[in-house]
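A quick write-up on the structure given underneath.
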Amino acid sequence: MRDANPQTIYLKDYTVPEYLIHSVGLNFALDDENTRVSSRLTLSRNPASQSKDTTLTLSGENMKLIRINLDDGTNPSGADLHLPEGLWAGQPRVNDLSKDQYLQTQDALIINQVPQQQRFVLTIENSINPKANTALEGLYLSSGMLCTQCEAEGFRKITYFLDRPDVMTLFTTTLVGDKDRYPVLLSNGNKVAQGELPDNRHWVTWEDPFNKPCYLFALVAGQLECVEDRFTTQSGRDIDLQIFVEKHDVDKCDHAMQSLKNAMLWDEQVYGREYDLDLYMIVAVSHFNMGAMENKGLNVFNTKFVLARPDTATDSDYEHIEGVIGHEYFHNWTGNRITCRDWFQLSLKEGFTVFRDQEFTGDRTSKAVKRIEDVNMLRTRQFAEDAGPLAHPIRPDAYIEINNFYTLTVYEKGAEVVRMIHTLVGADGFRKGSDLYFERHDGQAVTCDDFVNAMEAANNIDLSQFRRWYAQAGTPVLTVQQHYDPSAQTLTLTLSQNCPPTPGQALKEPLHIPVTVGLLNKDGSVAPCKLQGCGETSPKAPAVGCCPKTDEVILQLTESEQAFTFENLTEPPVVSILRGFSAPVKLVMERSLDELAFLLSYDSDTFNRWEAGQQLAGQIISGLIADWQNGRDMHVSPIMVAAIQQVLEQPWDDLSYFSLLLSLPSETYLAEQMQVVDVEAIHAAREFVLLTLAEQLEAQFQALYRNNHRDESGQFDSGAIGRRRIKNTCLSYLSKLENKPIYQLSQQQFNQAKNMTDQMAALTVIVNNPHPAKQQCLDSFYHQWQAEALVIDKWFALQASSSMPETFATVQALMQHPAFDLKNPNRVRSLIGAFSQSNPLHFHAANGRGYRFLADQIIALNTLNPQIASRMVGALTSWRRFDEGRQALIKTQLERIMTTEAISKDVYEVASKSLAVEAAGRSPLQNQ
Ligand SMILES: [Zn+2]
């Protein structure tokens with residue numbers, strides 16, 4: 001068994017690289033099954049390294065070594081890899097190393113002795129088999145196209161190298177291949193030379209003028225069509241923009257191209273950042289482990305985040321495409337120009353870049369809606385991660401397989417931490433801080449501390465306590481108590497914080513938490529928000545952002561417990577706290593249903609207004625869960641119906657926001673709130689509320705549906721998007737009535753839809769109800785779209801997440817469907833991922849068949865694609881949250897996974913940590 005005890009890597013062991021690479025010349029003789037790679041490295045000892053070791057260790061895996069040549073300048077080898085035919089002929093050369101001069105291990109090449117005083121040139125020739133590479137790391141084949149994925153450690157599967165982000169160098173890459181097989185040959189930077197060769201071959205040389213680590217290297221070769229456009233930067237430089245896709249996808253690139261131009265303009269306007277090369281390329285590939293990759297000048301994207309046409313992509317696909325295109329583009333500065341010193345610092349580039357893409361999408365669409373969607377995801381998925389056995393800080397201090405740390409914690413919580421800095425220093429202060437960060441560190445590989453240092457220096461503030469957010473795992477619980485003193489006319493809020501233990505971190509220090517607060521009068525108007533001691537020098541007074549405006553205040557909680565007093569309040573106000581979700585915490589505050597209904601009607605903070613509705617629904621559903629568990633009849637409080645009715649009767653400009661106000665918390669979010677998760681009770685209670693609202697407000701939902709139904713083809717503008725969203729929310733409510741007219745309405749929408757949003761919304765309703773035409777609609781959808789892989793992914797996912805009783809049998813049958821392919825990550829996610837992560841009711845069936853099914857797939861995927869296999873284990877990690885019967889069933893499957901022959905590091909790490917005894921599987925609320 002390989003990797004029985006895989007090695008753990010620790011942040012505290014970091015040392016600077018022993019060698020520097022000054023330049024690399026790569027030459028690829030491309031072939032699907034036997035690509036020959038020549039790499040010519042100019043190296044020297046790193047003067048900053050303390051090590052006395054005179055060997056040179058390069059990382060490398062899964063390749064055939066052909067030759068090594070070491071030229072220290074005394075006896076020149078004369079091999080010139082900058083020629084397109086630089087590959088050597090068979091006979092030995094001067095300076096070739098003999099077998100006793102190096103050691104080849106499973107994952108490294110160790111050269112016994114290299115020059116310590118002068119630069120030297122190391123040339124390595126090896127071969128790799130892209131077709132056999134189903135892990136999709138390094139160079140691989142996707143739908144007949146050769147492409148690469150090097151982050152985090154894929155480059156070592158291409159050639160031997162110092163594969164670590166703090167080794168940055170200049171790349172010159174020559175690609176040689178058959179003209180018909182690989183008409184397009186792409187790599188990073190600018191195209192500097194090209195030509196023809198005998199035997200129908202051609203070559204292209206690319207030169208990247210910017211130093212970069214090898215994880216940003218990319219190569220693409222194949223039969224691709226190019227869609228072109230142009231962008232003029234703020235300083236007047238013309239940039240060529242190119243999107244490469246397969247021929248039948250050329251008509252689905254307009255939105256991606258427009259998104260790229262929007263992102264380029266936004267980064268100039270908001271951050272003053274301009275693009276630096278003359279060419280920006282995006283390639284869409286169908287087999288991709290992640291969403292997209294920011295390789296310098298040559299982004300490689302999952303097709304899912306490029307291709308869109310109104311009839312094939314939903315409004316939310318459109319939004320995601322713009323967000324991901326923006327994200328990868330923004331990385332050019334936050335990730336590429338300034339990169340991470342080591343992989344523990346991943347949140348340096350990801351947290352900041354996610355924050356940037358969130359703001360970009362908010363500016364492009366609706367800030368209120370974007371914030372709610374982001375918080376929803378954070379609280380549903382990241383909070384679960386933070387409360388489970390794999391909890392880790394946004395800057396982890398240990399890992400076995402870095403691929404396992406591309407997590408919601410590093411990305412989404414990382415973005416929340418950056419957002420808190422933004423809140424603390426304000427928009428202008430944040431811009432000053434980011435300007436300083438770019439100025440100080442351009443061209444360097446740095447740490448999260450360097451980022452915080454720049455924010456501190458530019459704003460003259462102390463973030464030393466704030467830095468604990470980078471080091472402490474777990475979601476803090478923020479408890480709020482209020483006391484109104486009528487004689488003093490003051491309100492005192494007592495805030496306390498507590499963070500539950502997480503694996504390896506039993507005790508937590510208090511964090512620096514910004515808490516935004518507003519106050520409301522009984523008639524819904526804004527109450528004065530004057531903090532006692534504000535403006536005076538008092539140890540209790542917050543140092544920064546005290547009372548920037550009179551209707552809102554940012555409290556700075558830094559101790560375990562702290563009291564804040566507001567004055568000049570003639571009547572007890574209603575408190576709106578944690579506005580905008582100003583910190584990633586769980587808020588505990590006693591609220592009556594009436595108070596929540598009041599905030600849902602009057603809070604001027606768009607986030608808290610929505611949040612009040614969520615809490616109202618959450619409280620009611622949790623009461624119904626208890627009723628269901630105890631066999632009592634369920635009744636929905638009239639306060640809930642009246643609150644929703646009140647929302648329905650108001651006029652709304654932002655229809656997407658309106659539809660969010662009408663949406664109940666998801667089953668997954670409700671599960672997150674329970675001590676022992678009961679999937680059946682959650683489903684029954686939530687469905688009962690939906691049905692009750694549909695029955696009592698049917699006329700309003702009907703009217704709203706009709707008023708917003710248009711025969712539109714699906715343009716991406718906020719008015720049309722909002723109309724579709726509110727209309728489809730109404731359809732979803734009405735479908736709960738399960739009557740003939742509603743069946744007809746959904747089928748009619750399905751048949752007549754001119755855009756994917758409407759078609760998909762109708763099909764979702766049909767598939768999640770006992771609709772008589774269900775199979776007929778599914779079949780016709782499949783036949784309509786079988787040539788569109790991304791639409792077929794939706795078809796799989798929809799069936800896998802259905803709440804109908806036959807779902808498990810359907811999932812098993814779909815595994816045998818000719819369109820299913822275990823080697824395609826998008827397909828795996830759409831069927832196995834959707835079933836295990838978006839269908840709690842059926843995945844957690846009490847007989848354990850869902851768990852057994854998932855374990856079977858993980859074991860099969862372990863060999864094919866460890867990264868995807870490990871992602872799938874995620875659905876089993878929170879097993880301690882369930883009842884004893886389910887716990888035993890899940891544990892058995894985790895143990896079975898652990899016995900997998902040749903278990904990968906990826907799967908081993910997640911499964912073993914899930915089973916570890918010390919793992920915290922409790923709800924954080926238990927630890928108050
Ligand atoms: Zn990223």
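Following the order of the structure tokens, chains are lettered A, B, ..., residues in each are numbered from 1, and ligands are numbered from 1.
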
message = Using DSSP assignments from the backbone, pull out every residue in range 314-431 of chain A that falls under strand (DSSP E) and give it to me as number ranges by chain.
response = A: 339-340, 398-399

Deliver the residues from the most recent selection as a file, using N, CA and C atoms, as a tab-separated table (two decimals), in the first residue's frame.
```tsv
chain	number	residue	atom	x	y	z
A	339	THR	N	2.74	36.83	-5.35
A	339	THR	CA	2.26	35.47	-5.11
A	339	THR	C	2.51	35.05	-3.66
A	340	CYS	N	2.21	33.78	-3.36
A	340	CYS	CA	2.34	33.27	-2.00
A	340	CYS	C	3.74	32.73	-1.76
A	398	ALA	N	-0.63	23.05	9.04
A	398	ALA	CA	-0.14	21.73	8.64
A	398	ALA	C	-1.05	21.15	7.56
A	399	TYR	N	-0.46	20.37	6.66
A	399	TYR	CA	-1.28	19.61	5.69
A	399	TYR	C	-0.53	18.37	5.25
```

Pull the closest atom pair for each residue of chain A that gets at most 8 Å from ligand 1, along with the distance in Å to one decimal, counting only C-alpha atoms and all ligand atoms, ordering rows by chain and then ascending residue number, as CSV.
```
residue,atom,partner,partner_atom_place_in_ligand_line,distance
A:Ala292,CA,ligand 1,1 (Zn),7.8
A:Met293,CA,ligand 1,1 (Zn),7.1
A:Glu294,CA,ligand 1,1 (Zn),7.1
A:His327,CA,ligand 1,1 (Zn),6.3
A:Glu328,CA,ligand 1,1 (Zn),6.1
A:His331,CA,ligand 1,1 (Zn),6.6
A:Gly335,CA,ligand 1,1 (Zn),7.9
A:Lys349,CA,ligand 1,1 (Zn),6.9
A:Glu350,CA,ligand 1,1 (Zn),4.8
A:Thr353,CA,ligand 1,1 (Zn),6.3
A:Val354,CA,ligand 1,1 (Zn),6.9
A:Tyr411,CA,ligand 1,1 (Zn),7.9
```

ask   = Using only C-alpha atoms, which residues sit within 9 Å of Arg609 in chain A once same-chain residues fewer than 5 positions away are excluded, as a list in words?
value =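 In the requested form, the answer reads Ser576, Leu596, Leu599, Leu600, Ser601, Tyr602, Asp603, Ser604, Gln614 and Leu661 of chain A.
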
With N, CA and C atoms retained, could you export that selection as a PDB file, in the first residue's frame?
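Saved file again.pdb follows:
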```
ATOM      1  N   SER A 576     -30.715  46.521  15.513  1.00  0.00           N
ATOM      2  CA  SER A 576     -30.340  45.803  14.289  1.00  0.00           C
ATOM      3  C   SER A 576     -28.834  45.595  14.370  1.00  0.00           C
ATOM      4  N   LEU A 596     -38.845  40.082  15.118  1.00  0.00           N
ATOM      5  CA  LEU A 596     -38.270  39.685  13.831  1.00  0.00           C
ATOM      6  C   LEU A 596     -39.151  40.149  12.679  1.00  0.00           C
ATOM      7  N   LEU A 599     -38.509  43.812  12.140  1.00  0.00           N
ATOM      8  CA  LEU A 599     -37.260  44.087  11.402  1.00  0.00           C
ATOM      9  C   LEU A 599     -37.394  43.713   9.929  1.00  0.00           C
ATOM     10  N   LEU A 600     -38.120  42.639   9.646  1.00  0.00           N
ATOM     11  CA  LEU A 600     -38.353  42.249   8.248  1.00  0.00           C
ATOM     12  C   LEU A 600     -39.108  43.357   7.503  1.00  0.00           C
ATOM     13  N   SER A 601     -39.921  44.102   8.228  1.00  0.00           N
ATOM     14  CA  SER A 601     -40.665  45.192   7.581  1.00  0.00           C
ATOM     15  C   SER A 601     -39.875  46.494   7.497  1.00  0.00           C
ATOM     16  N   TYR A 602     -39.052  46.770   8.510  1.00  0.00           N
ATOM     17  CA  TYR A 602     -38.523  48.133   8.609  1.00  0.00           C
ATOM     18  C   TYR A 602     -37.012  48.294   8.569  1.00  0.00           C
ATOM     19  N   ASP A 603     -36.255  47.250   8.771  1.00  0.00           N
ATOM     20  CA  ASP A 603     -34.798  47.463   8.862  1.00  0.00           C
ATOM     21  C   ASP A 603     -34.277  48.065   7.558  1.00  0.00           C
ATOM     22  N   SER A 604     -33.510  49.146   7.680  1.00  0.00           N
ATOM     23  CA  SER A 604     -32.986  49.791   6.465  1.00  0.00           C
ATOM     24  C   SER A 604     -31.741  49.071   5.952  1.00  0.00           C
ATOM     25  N   GLN A 614     -35.248  35.231   7.772  1.00  0.00           N
ATOM     26  CA  GLN A 614     -34.662  33.893   7.893  1.00  0.00           C
ATOM     27  C   GLN A 614     -34.784  33.373   9.330  1.00  0.00           C
ATOM     28  N   LEU A 661     -36.298  37.541  -0.062  1.00  0.00           N
ATOM     29  CA  LEU A 661     -37.089  37.757   1.155  1.00  0.00           C
ATOM     30  C   LEU A 661     -38.194  36.706   1.294  1.00  0.00           C
TER      31      LEU A 661
END
```

task = Mind giving me the straight-line distance from CA of Asp386 in chain A to CA of His512 in chain A in Å, one decimal?
result = 18.2 Å

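In this structure, CA of Ala384 in chain A sits 14.2 Å away from CA of Val873 in chain A.
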
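Take the candidates A:Tyr275, A:Trp652, A:Phe28, A:Tyr733 and check each one against Ile158 in chain A using only C-alpha atoms; the shortest distance goes to A:Phe28.
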
ask   = Per DSSP on the backbone, what are the helix (DSSP H, G or I) residues of range 439-687 of chain A, as number ranges by chain?
value = A: 439-441, 448-459, 468-471, 579-581, 593-602, 606-629, 638-649, 655-661, 667-672, 679-687

Given only C-alpha atoms, how would the per-residue table for range 186-210 of chain A near range 159-175 of chain A read, listing every residue at most 7 Å away with its closest atom pair and distance in Å to one decimal, sorted by chain and number, as a Markdown table?
```
| residue | atom | partner | partner_atom | distance |
| --- | --- | --- | --- | --- |
| A:Ser187 | CA | A:Thr173 | CA | 7.0 |
| A:Trp203 | CA | A:Leu175 | CA | 5.5 |
| A:Val204 | CA | A:Leu175 | CA | 5.5 |
| A:Thr205 | CA | A:Thr174 | CA | 4.2 |
| A:Trp206 | CA | A:Thr173 | CA | 5.1 |
| A:Glu207 | CA | A:Thr172 | CA | 4.5 |
| A:Asp208 | CA | A:Phe171 | CA | 5.7 |
| A:Pro209 | CA | A:Leu170 | CA | 6.5 |
| A:Phe210 | CA | A:Leu170 | CA | 6.3 |
```

How close does range 759-830 of chain A get to range 711-729 of chain A? List, as a Markdown table, each residue of range 759-830 of chain A within 10 Å, its nearest atom pair and the distance in Å to one decimal, counting only C-alpha atoms.
```
| residue | atom | partner | partner_atom | distance |
| --- | --- | --- | --- | --- |
| A:Met760 | CA | A:Asn728 | CA | 9.8 |
| A:Ala761 | CA | A:Asn728 | CA | 6.2 |
| A:Ala762 | CA | A:Asn728 | CA | 7.8 |
| A:Val765 | CA | A:Asn728 | CA | 9.3 |
```

task = Just give me the gap between CA of Gly833 in chain A and CA of Leu814 in chain A in Å, one decimal is fine.
result =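 These two atoms are separated by 13.2 Å.
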
remark   = Shortest contact to Ile577 in chain A, candidates A:Asp32, A:Glu552, A:Asp178, A:Asp107, atoms counted only C-alpha atoms, goes to A:Glu552

ask   = What lies within 9 Å of Phe352 in chain A using only C-alpha atoms, ignoring chain neighbours under 5 positions off, as number ranges by chain?
value = A: 334, 347, 357, 411, 414-415, 417-419

key: For range 778-795 of chain A: contacts at 8 Å, only C-alpha atoms, fewer than 4 positions along chain excluded, given as a ChimeraX atom specification   = /A:303-304,312-313,763,774,799,826-827,830-831

Any idea what's packed within 12 Å of Thr570 in chain A, counting only C-alpha atoms, ignoring anything in its chain fewer than 2 positions away? Could you give it as a short mmCIF file (atom, residue, chain, number, x, y, z; two decimals) with C-alpha atoms, in the first residue's frame?
```
data_model
loop_
_atom_site.label_atom_id
_atom_site.label_comp_id
_atom_site.auth_asym_id
_atom_site.auth_seq_id
_atom_site.Cartn_x
_atom_site.Cartn_y
_atom_site.Cartn_z
CA TYR A 484 -32.64 49.73 28.36
CA ASP A 485 -32.50 52.22 31.23
CA PRO A 486 -35.56 54.53 31.00
CA SER A 487 -34.29 57.06 33.55
CA ALA A 488 -30.90 57.50 31.88
CA GLN A 489 -32.42 57.01 28.43
CA THR A 490 -29.61 54.67 27.53
CA LEU A 491 -29.36 51.26 25.92
CA LEU A 520 -34.86 51.66 15.10
CA ASN A 521 -37.73 53.50 16.75
CA LYS A 522 -41.05 51.72 17.35
CA ALA A 527 -33.19 56.06 16.10
CA PRO A 528 -30.07 58.10 17.00
CA PHE A 566 -25.95 54.23 23.54
CA GLU A 567 -27.42 57.49 24.81
CA ASN A 568 -30.18 59.99 24.02
CA PRO A 572 -36.36 51.52 24.01
CA PRO A 573 -35.16 50.99 20.41
#
```

Skip range 125-134 of chain A itself and residues of its chain fewer than 4 positions away, then list as a tab-separated table (two decimals) with all heavy atoms, in the first residue's frame all residues within 7 Å of it, counting only C-alpha atoms.
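part_5.tsv written:
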```tsv
chain	number	residue	atom	x	y	z
A	32	ASP	N	0.06	12.73	-27.72
A	32	ASP	CA	-0.97	12.39	-26.73
A	32	ASP	C	-0.47	11.37	-25.71
A	32	ASP	O	-0.86	11.40	-24.54
A	32	ASP	CB	-2.22	11.82	-27.41
A	32	ASP	CG	-3.01	12.91	-28.11
A	32	ASP	OD1	-2.62	14.09	-28.03
A	32	ASP	OD2	-4.04	12.57	-28.76
A	33	GLU	N	0.35	10.43	-26.17
A	33	GLU	CA	0.76	9.37	-25.24
A	33	GLU	C	2.22	9.43	-24.85
A	33	GLU	O	2.64	8.78	-23.90
A	33	GLU	CB	0.45	8.00	-25.86
A	33	GLU	CG	-1.04	7.74	-25.90
A	33	GLU	CD	-1.40	6.44	-26.59
A	33	GLU	OE1	-0.92	5.40	-26.14
A	33	GLU	OE2	-2.16	6.50	-27.58
A	34	ASN	N	3.01	10.17	-25.62
A	34	ASN	CA	4.44	10.23	-25.30
A	34	ASN	C	4.98	11.62	-25.62
A	34	ASN	O	5.56	11.84	-26.68
A	34	ASN	CB	5.18	9.14	-26.09
A	34	ASN	CG	6.66	9.13	-25.78
A	34	ASN	OD1	7.09	9.54	-24.70
A	34	ASN	ND2	7.45	8.68	-26.75
A	35	THR	N	4.78	12.54	-24.71
A	35	THR	CA	5.31	13.89	-24.89
A	35	THR	C	6.70	13.94	-24.30
A	35	THR	O	6.91	13.52	-23.16
A	35	THR	CB	4.38	14.91	-24.21
A	35	THR	OG1	3.18	15.03	-24.98
A	35	THR	CG2	5.03	16.29	-24.11
A	36	ARG	N	7.66	14.45	-25.11
A	36	ARG	CA	9.02	14.57	-24.60
A	36	ARG	C	9.25	16.00	-24.14
A	36	ARG	O	8.93	16.96	-24.83
A	36	ARG	CB	10.03	14.17	-25.68
A	36	ARG	CG	10.10	12.65	-25.83
A	36	ARG	CD	10.80	12.27	-27.11
A	36	ARG	NE	12.24	12.51	-27.01
A	36	ARG	CZ	13.14	11.53	-26.89
A	36	ARG	NH1	12.76	10.28	-26.78
A	36	ARG	NH2	14.43	11.82	-26.88
A	37	VAL	N	9.80	16.13	-22.94
A	37	VAL	CA	10.01	17.45	-22.34
A	37	VAL	C	11.50	17.65	-22.14
A	37	VAL	O	12.17	16.79	-21.57
A	37	VAL	CB	9.33	17.54	-20.96
A	37	VAL	CG1	9.40	18.97	-20.42
A	37	VAL	CG2	7.88	17.06	-21.02
A	38	SER	N	12.02	18.78	-22.63
A	38	SER	CA	13.39	19.16	-22.29
A	38	SER	C	13.32	20.44	-21.48
A	38	SER	O	12.63	21.38	-21.85
A	38	SER	CB	14.22	19.42	-23.54
A	38	SER	OG	14.41	18.23	-24.21
A	39	SER	N	14.03	20.47	-20.37
A	39	SER	CA	13.99	21.63	-19.50
A	39	SER	C	15.42	22.06	-19.23
A	39	SER	O	16.25	21.28	-18.78
A	39	SER	CB	13.29	21.23	-18.21
A	39	SER	OG	13.56	22.16	-17.20
A	63	MET	N	7.02	10.26	-14.21
A	63	MET	CA	7.61	10.54	-15.52
A	63	MET	C	8.78	9.62	-15.78
A	63	MET	O	9.32	9.01	-14.85
A	63	MET	CB	8.08	11.99	-15.58
A	63	MET	CG	9.20	12.31	-14.62
A	63	MET	SD	9.63	14.04	-14.65
A	63	MET	CE	8.36	14.74	-13.65
A	64	LYS	N	9.15	9.52	-17.06
A	64	LYS	CA	10.29	8.69	-17.43
A	64	LYS	C	11.47	9.62	-17.66
A	64	LYS	O	11.42	10.50	-18.51
A	64	LYS	CB	9.94	7.92	-18.70
A	64	LYS	CG	10.88	6.78	-18.98
A	64	LYS	CD	10.34	5.91	-20.11
A	64	LYS	CE	11.52	5.45	-20.93
A	64	LYS	NZ	11.27	5.41	-22.36
A	65	LEU	N	12.53	9.43	-16.87
A	65	LEU	CA	13.73	10.26	-17.01
A	65	LEU	C	14.56	9.73	-18.15
A	65	LEU	O	14.85	8.54	-18.24
A	65	LEU	CB	14.52	10.21	-15.70
A	65	LEU	CG	15.82	11.01	-15.66
A	65	LEU	CD1	15.58	12.50	-15.86
A	65	LEU	CD2	16.54	10.76	-14.34
A	66	ILE	N	14.96	10.61	-19.05
A	66	ILE	CA	15.77	10.17	-20.19
A	66	ILE	C	17.23	10.56	-20.02
A	66	ILE	O	18.13	9.76	-20.23
A	66	ILE	CB	15.20	10.74	-21.51
A	66	ILE	CG1	13.76	10.24	-21.71
A	66	ILE	CG2	16.08	10.35	-22.70
A	66	ILE	CD1	13.01	10.90	-22.84
A	67	ARG	N	17.47	11.79	-19.59
A	67	ARG	CA	18.85	12.24	-19.50
A	67	ARG	C	18.97	13.48	-18.61
A	67	ARG	O	18.05	14.28	-18.53
A	67	ARG	CB	19.32	12.61	-20.91
A	67	ARG	CG	20.80	12.89	-20.99
A	67	ARG	CD	21.09	13.67	-22.25
A	67	ARG	NE	20.53	13.05	-23.43
A	67	ARG	CZ	21.27	12.51	-24.40
A	67	ARG	NH1	22.58	12.50	-24.31
A	67	ARG	NH2	20.71	12.01	-25.47
A	68	ILE	N	20.13	13.60	-17.95
A	68	ILE	CA	20.43	14.81	-17.18
A	68	ILE	C	21.81	15.30	-17.61
A	68	ILE	O	22.74	14.49	-17.76
A	68	ILE	CB	20.52	14.52	-15.66
A	68	ILE	CG1	19.31	13.71	-15.19
A	68	ILE	CG2	20.63	15.82	-14.87
A	68	ILE	CD1	19.49	13.15	-13.80
A	139	LEU	N	0.21	17.66	-17.27
A	139	LEU	CA	-0.26	17.73	-18.66
A	139	LEU	C	-1.21	16.58	-18.92
A	139	LEU	O	-0.87	15.43	-18.66
A	139	LEU	CB	0.96	17.64	-19.60
A	139	LEU	CG	0.67	17.73	-21.11
A	139	LEU	CD1	0.18	19.12	-21.51
A	139	LEU	CD2	1.91	17.36	-21.93
A	140	TYR	N	-2.40	16.88	-19.43
A	140	TYR	CA	-3.37	15.81	-19.67
A	140	TYR	C	-4.21	16.10	-20.90
A	140	TYR	O	-4.11	17.17	-21.51
A	140	TYR	CB	-4.24	15.58	-18.43
A	140	TYR	CG	-5.15	16.74	-18.06
A	140	TYR	CD1	-6.45	16.82	-18.55
A	140	TYR	CD2	-4.71	17.75	-17.21
A	140	TYR	CE1	-7.30	17.86	-18.19
A	140	TYR	CE2	-5.55	18.81	-16.86
A	140	TYR	CZ	-6.84	18.85	-17.35
A	140	TYR	OH	-7.66	19.89	-17.00
A	141	LEU	N	-5.02	15.13	-21.25
A	141	LEU	CA	-5.84	15.22	-22.44
A	141	LEU	C	-7.29	15.46	-22.02
A	141	LEU	O	-7.82	14.73	-21.18
A	141	LEU	CB	-5.73	13.87	-23.17
A	141	LEU	CG	-5.97	13.80	-24.65
A	141	LEU	CD1	-5.10	14.78	-25.42
A	141	LEU	CD2	-5.66	12.37	-25.13
A	158	ILE	N	5.17	17.24	-14.86
A	158	ILE	CA	5.59	17.56	-16.22
A	158	ILE	C	7.09	17.36	-16.37
A	158	ILE	O	7.57	16.72	-17.29
A	158	ILE	CB	5.18	19.01	-16.57
A	158	ILE	CG1	3.65	19.13	-16.59
A	158	ILE	CG2	5.79	19.42	-17.91
A	158	ILE	CD1	3.13	20.54	-16.80
A	159	THR	N	7.84	17.95	-15.42
A	159	THR	CA	9.29	17.76	-15.42
A	159	THR	C	9.81	18.00	-14.00
A	159	THR	O	9.09	18.51	-13.15
A	159	THR	CB	9.98	18.72	-16.43
A	159	THR	OG1	11.38	18.45	-16.44
A	159	THR	CG2	9.75	20.18	-16.07
A	823	LYS	N	-14.71	9.75	-15.42
A	823	LYS	CA	-13.45	10.48	-15.63
A	823	LYS	C	-13.68	11.97	-15.84
A	823	LYS	O	-12.73	12.73	-15.95
A	823	LYS	CB	-12.73	9.90	-16.86
A	823	LYS	CG	-12.13	8.54	-16.58
A	823	LYS	CD	-11.33	8.08	-17.79
A	823	LYS	CE	-10.88	6.65	-17.61
A	823	LYS	NZ	-10.56	6.02	-18.90
A	864	LEU	N	-8.59	6.90	-10.15
A	864	LEU	CA	-8.72	7.74	-11.34
A	864	LEU	C	-8.34	9.19	-11.07
A	864	LEU	O	-7.58	9.80	-11.82
A	864	LEU	CB	-10.18	7.73	-11.82
A	864	LEU	CG	-10.70	6.48	-12.51
A	864	LEU	CD1	-12.19	6.65	-12.76
A	864	LEU	CD2	-9.95	6.26	-13.82
A	865	ASN	N	-8.90	9.76	-10.02
A	865	ASN	CA	-8.71	11.18	-9.77
A	865	ASN	C	-8.79	11.46	-8.26
A	865	ASN	O	-9.86	11.75	-7.73
A	865	ASN	CB	-9.79	11.98	-10.54
A	865	ASN	CG	-9.54	13.48	-10.48
A	865	ASN	OD1	-8.95	13.99	-9.52
A	865	ASN	ND2	-9.98	14.18	-11.49
```

query = Taking into account only C-alpha atoms, which residue in the set A:Asp276, A:Asp678, A:Glu401, A:Glu456 is nearest to Ala152 in chain A?
reply =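 Closest to Ala152 in chain A of all the choices is A:Glu401.
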
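For the set A:Ser44, A:Thr558, A:Ser659, A:Thr123, the residue with the smallest atom-to-atom gap to Ala368 in chain A is A:Ser659, counting only C-alpha atoms.
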